[in-house]
Amino acid sequence: MMCAIRAGSRGRRVLLLDHARAPGEKIRISGGGRCNFTNINTMPANYLSANPHFAKSALARYTPRDFLDLVERHGISWHEKTLGQLFCDNSAKDIIRMLLSEMQAAGVTMELQQEILSVEKTPDGYRLNISDGQTVEAPTLVIATGGKSIPKMGATGFAYRIAEQFDLSLVETRPGLVPLTLDPALLEKLAPLSGIAVPAEVRCGKTSFREALLFTHRGLSGPAILQISSYWREGDGITLKIEPDLDVLAMLKAARRQNGRQAPQTVLGEVLPKRLAQLLTEKAKTAVPLAEMPDRALEALCQEIQAWQIVPAGSEGYRTAEVTLGGIDTRELDSRTMEAKRVPGLHFIGECVDVTGWLGGYNFQWAWASGHVCGEAI
């Protein structure tokens with residue numbers, strides 16, 4: 001839609017084909033129905049790609065402020081949550097209505113529930129055979145069909161199939177921004193924690209995120225886990241630092257001085273959910289009063305709380321993943337126009353390209369920016 005708006009406003013005849021029943025379905029369900037439509041802190045560093053420089057051109061040429069200006073022109077009220085995340089006050093449908101209005105003003109024709117049966121290169125451009133029996137010809141073809149994430153919303157690997165048809169290389173795809181699962185034995189031990197959320201710093205290798213951590217009946221979720229999942233690979237361990245801003249060791253030592261008869265579980269239960277405090281003290285095998293715990297025992301308990309090592313069994317996969325990592329290799333594309341270097345007139349934009357943002361509005365901003373610069377070029 002963003003690409004169509006820009007191209008149409010430049011006087012191009014644009015036909016937007018979508019196999020969905022309604023436009024912008026992923027927009028509609030995003031942000032709990034309020035659409036985290038951008039992030040004011042967007043920088044290239046917030047994106048994963050085999051080429052971290054590729055996104056710089058588009059992100060510089062269409063910024064969060066540019067999209068916010070569009071939102072405000074349409075009178076859509078918004079608010080900022082944590083970490084620069086911008087949401088609609090009312091509904092994600094406001095963003096969809098805005099884009100539809102902009103497309104109408106730009107003279108864009110949209111056809112829904114149209115499956116693309118085949119794509120052929122012609123001397124003058126491209127020929128598409130679509131499900132209602134039509135044949136469409138155009139000098140330029142833009143693929144903006146996203147990745148494999150959330151197949152129940154209609155996500156497919158269509159973009160990757162087209163890339164392979166034209167001999168364009170792909171970077172391995174995998175689920176991103178996705179909950180992590182645990183092996184059955186660990187899951188059974190953590191079952192009492194299901195539904196508990198705590199502030200945490202989650203680390204994988206040299207990368208860490210400090211946000212909420214949620215224990216679930218399948219494993220681990222919450223913003224901190226979704227963020228780290230994009231950097232995690234099967235077999236990797238992660239480290240959980242519960243209540244990262246709290247000096248737990250100093251708190252336990254102070255409690256020992258004040259009332260050594262207390263159980264450590266009691267003290268921890270004042271700052272942690274009681275079920276979590278109980279599990280962590282049992283895990284550390286500390287069933288004695290604080291007065292009977294030397295410093296090394298308190299330090300070992302703190303390790304369990306703030307350096308908790310876990311090796312996830314896997315992830316929940318594309319079913320719940322918010323994005324798809326990998327995709328069309330950026331070496332195949334011109335970063336200024338999103339055109340395939342070896343296939344004139346063929347462009348790829350958005351999530352299907354090997355550019356994946358953090359949680360928090362970054363992937364929408366990549367969609368707007370890559371769509372805008374492509375629309376400028378076609």
# chains A, B, ... in the order shown; residues from 1 in each chain; ligands from 1
call {"tool": "residues_around", "arguments": {"residues": "stretch 244-256 of chain A", "least_positions_apart": "2", "cutoff": "9 Å", "atoms": "only C-alpha atoms", "output": "list of chain:residue names"}}
result
A:Pro199, A:Ala200, A:Glu201, A:Arg210, A:Lys241, A:Ile242, A:Gln258, A:Asn259, A:Gly260, A:Arg261, A:Gln262, A:Pro264, A:Val267, A:Leu268, A:Pro289, A:Leu290, A:Ala291, A:Met293, A:Asp295, A:Leu298, A:Glu299, A:Leu301, A:Cys302, A:Ile305, A:Gln306
call {"tool": "write_last_selection", "arguments": {"atoms": "C-alpha atoms", "output": "mmCIF file, in the first residue's frame"}}
result
data_model
loop_
_atom_site.group_PDB
_atom_site.id
_atom_site.type_symbol
_atom_site.label_atom_id
_atom_site.label_comp_id
_atom_site.auth_asym_id
_atom_site.auth_seq_id
_atom_site.Cartn_x
_atom_site.Cartn_y
_atom_site.Cartn_z
ATOM 1 C CA PRO A 199 11.350 -7.402 34.687
ATOM 2 C CA ALA A 200 14.436 -9.120 33.288
ATOM 3 C CA GLU A 201 17.556 -8.725 31.230
ATOM 4 C CA ARG A 210 15.953 -5.483 29.230
ATOM 5 C CA LYS A 241 18.767 -11.711 35.048
ATOM 6 C CA ILE A 242 15.573 -11.315 37.054
ATOM 7 C CA GLN A 258 18.228 -7.249 60.530
ATOM 8 C CA ASN A 259 16.531 -10.592 61.127
ATOM 9 C CA GLY A 260 18.636 -13.674 60.489
ATOM 10 C CA ARG A 261 15.780 -16.004 61.412
ATOM 11 C CA GLN A 262 13.954 -15.191 58.170
ATOM 12 C CA PRO A 264 15.504 -16.304 52.105
ATOM 13 C CA VAL A 267 12.745 -11.920 51.793
ATOM 14 C CA LEU A 268 12.713 -12.639 48.069
ATOM 15 C CA PRO A 289 17.382 -19.284 57.743
ATOM 16 C CA LEU A 290 19.500 -16.427 56.468
ATOM 17 C CA ALA A 291 21.632 -16.488 59.644
ATOM 18 C CA MET A 293 23.819 -18.884 55.144
ATOM 19 C CA ASP A 295 28.174 -15.111 51.943
ATOM 20 C CA LEU A 298 23.891 -15.976 49.349
ATOM 21 C CA GLU A 299 26.024 -15.432 46.236
ATOM 22 C CA LEU A 301 21.323 -17.939 45.446
ATOM 23 C CA CYS A 302 21.867 -14.629 43.628
ATOM 24 C CA ILE A 305 18.169 -15.278 40.303
ATOM 25 C CA GLN A 306 20.359 -13.003 38.230
#
call {"tool": "residues_around", "arguments": {"residues": "A:Thr330", "least_positions_apart": "6", "cutoff": "9 Å", "atoms": "only C-alpha atoms", "output": "VMD selection string"}}
result
chain A and resid 49 to 51 54 169 to 171 338 353 to 355
call {"tool": "closest_residue", "arguments": {"among": "A:Leu193, A:Ala300, A:Leu346, A:Ile225", "to": "A:Pro273", "atoms": "only C-alpha atoms"}}
result
A:Leu193
call {"tool": "residues_around", "arguments": {"residues": "A:Arg73", "least_positions_apart": "6", "cutoff": "12 Å", "atoms": "only C-alpha atoms", "output": "count of residues only"}}
result
7
call {"tool": "residues_around", "arguments": {"residues": "A:Ser77", "least_positions_apart": "3", "cutoff": "10 Å", "atoms": "only C-alpha atoms", "output": "list of chain:residue names"}}
result
A:Val71, A:Glu72, A:His74, A:Phe87, A:Cys88, A:Asp89, A:Asn90, A:Ser91, A:Asp94
call {"tool": "residues_around", "arguments": {"residues": "A:Gly222", "least_positions_apart": "4", "cutoff": "10 Å", "atoms": "only C-alpha atoms", "output": "MDAnalysis selection string"}}
result
chainID A and resid 177:180 197:200 211:216 226:227
call {"tool": "residues_around", "arguments": {"residues": "A:Thr109", "least_positions_apart": "6", "cutoff": "8 Å", "atoms": "only C-alpha atoms", "output": "ChimeraX atom specification"}}
result
/A:14-16,103
call {"tool": "write_last_selection", "arguments": {"atoms": "C-alpha atoms", "output": "tab-separated table (two decimals), in the first residue's frame"}}
result
chain	number	residue	atom	x	y	z
A	14	VAL	CA	-0.89	1.11	-10.21
A	15	LEU	CA	-2.71	-2.18	-9.69
A	16	LEU	CA	-2.41	-3.69	-6.22
A	103	MET	CA	-4.42	5.00	-2.30
call {"tool": "closest_residue", "arguments": {"among": "A:Ile130, A:Leu68, A:Leu186, A:Ile76", "to": "A:Ala313", "atoms": "only C-alpha atoms"}}
result
A:Leu186
call {"tool": "residues_around", "arguments": {"residues": "A:Arg21", "least_positions_apart": "4", "cutoff": "10 Å", "atoms": "only C-alpha atoms", "output": "list in words"}}
result
Glu25, Glu111, Leu112, Gln113, Gln114 and Gly154 of chain A
call {"tool": "select_by_dssp", "arguments": {"residues": "stretch 13-119 of chain A", "states": "helix (DSSP H, G or I)", "output": "compact mmCIF listing (two decimals) with C-alpha atoms, in the first residue's frame"}}
result
# COMPACT_ATOMS: atom_id res chain seq x y z
CA GLU A 25 -4.75 -7.73 8.03
CA LYS A 26 -1.37 -7.78 9.80
CA ILE A 27 -1.83 -4.09 10.57
CA ARG A 28 -5.25 -4.82 12.05
CA ILE A 29 -3.97 -7.39 14.56
CA SER A 30 -0.76 -5.57 15.48
CA GLY A 31 -0.08 -3.92 18.81
CA GLY A 32 -3.04 -5.56 20.50
CA GLY A 33 -5.31 -3.99 17.89
CA PRO A 44 19.86 0.99 11.21
CA ALA A 45 21.28 -0.63 14.37
CA ASN A 46 17.75 -1.80 15.22
CA LYS A 56 20.40 2.88 5.77
CA SER A 57 19.31 4.52 2.52
CA ALA A 58 15.59 3.81 2.80
CA LEU A 59 15.43 4.57 6.54
CA ALA A 60 17.17 7.91 6.00
CA ARG A 61 14.87 8.91 3.15
CA PRO A 64 9.36 7.93 11.55
CA ARG A 65 8.62 11.67 11.51
CA ASP A 66 7.52 11.40 7.87
CA PHE A 67 5.05 8.65 8.71
CA LEU A 68 3.88 10.50 11.83
CA ASP A 69 3.18 13.58 9.69
CA LEU A 70 0.91 11.39 7.53
CA VAL A 71 -0.85 10.01 10.61
CA GLU A 72 -1.43 13.50 11.98
CA ARG A 73 -2.68 14.83 8.62
CA THR A 82 7.91 2.77 26.39
CA LEU A 83 11.12 2.85 24.36
CA GLY A 84 9.83 5.16 21.62
CA LYS A 93 -8.04 0.17 11.64
CA ASP A 94 -7.34 3.91 11.61
CA ILE A 95 -3.99 3.20 9.90
CA ILE A 96 -5.66 0.91 7.35
CA ARG A 97 -8.32 3.54 6.58
CA MET A 98 -5.58 6.15 6.19
CA LEU A 99 -3.66 4.01 3.68
CA LEU A 100 -6.84 3.18 1.74
CA SER A 101 -7.72 6.86 1.59
CA GLU A 102 -4.23 7.73 0.35
CA MET A 103 -4.42 5.00 -2.30
CA GLN A 104 -7.77 6.28 -3.50
CA ALA A 105 -6.40 9.82 -3.76
call {"tool": "atom_distance", "arguments": {"atom1": "atom CA of A:Tyr318", "atom2": "atom CA of A:Arg34"}}
result
22.0 Å
call {"tool": "closest_residue", "arguments": {"among": "A:Asp18, A:Met153, A:Arg275, A:Ser229", "to": "A:Ile196", "atoms": "only C-alpha atoms"}}
result
A:Arg275
call {"tool": "select_by_dssp", "arguments": {"residues": "stretch 118-277 of chain A", "states": "strand (DSSP E)", "output": "PyMOL selection string"}}
result
chain A and resi 118-122+125-130+135-138+141-143+170-176+180-181+197-204+207-215+219-221+238-242
call {"tool": "closest_residue", "arguments": {"among": "A:Val323, A:Val142, A:Met2, A:Cys35", "to": "A:Pro344", "atoms": "only C-alpha atoms"}}
result
A:Val142
call {"tool": "closest_residue", "arguments": {"among": "A:Gly176, A:Arg127, A:Asp183, A:Leu168", "to": "A:Ile310", "atoms": "only C-alpha atoms"}}
result
A:Asp183
call {"tool": "closest_residue", "arguments": {"among": "A:Phe209, A:Met110, A:Leu182, A:Pro139", "to": "A:Ile5", "atoms": "only C-alpha atoms"}}
result
A:Met110
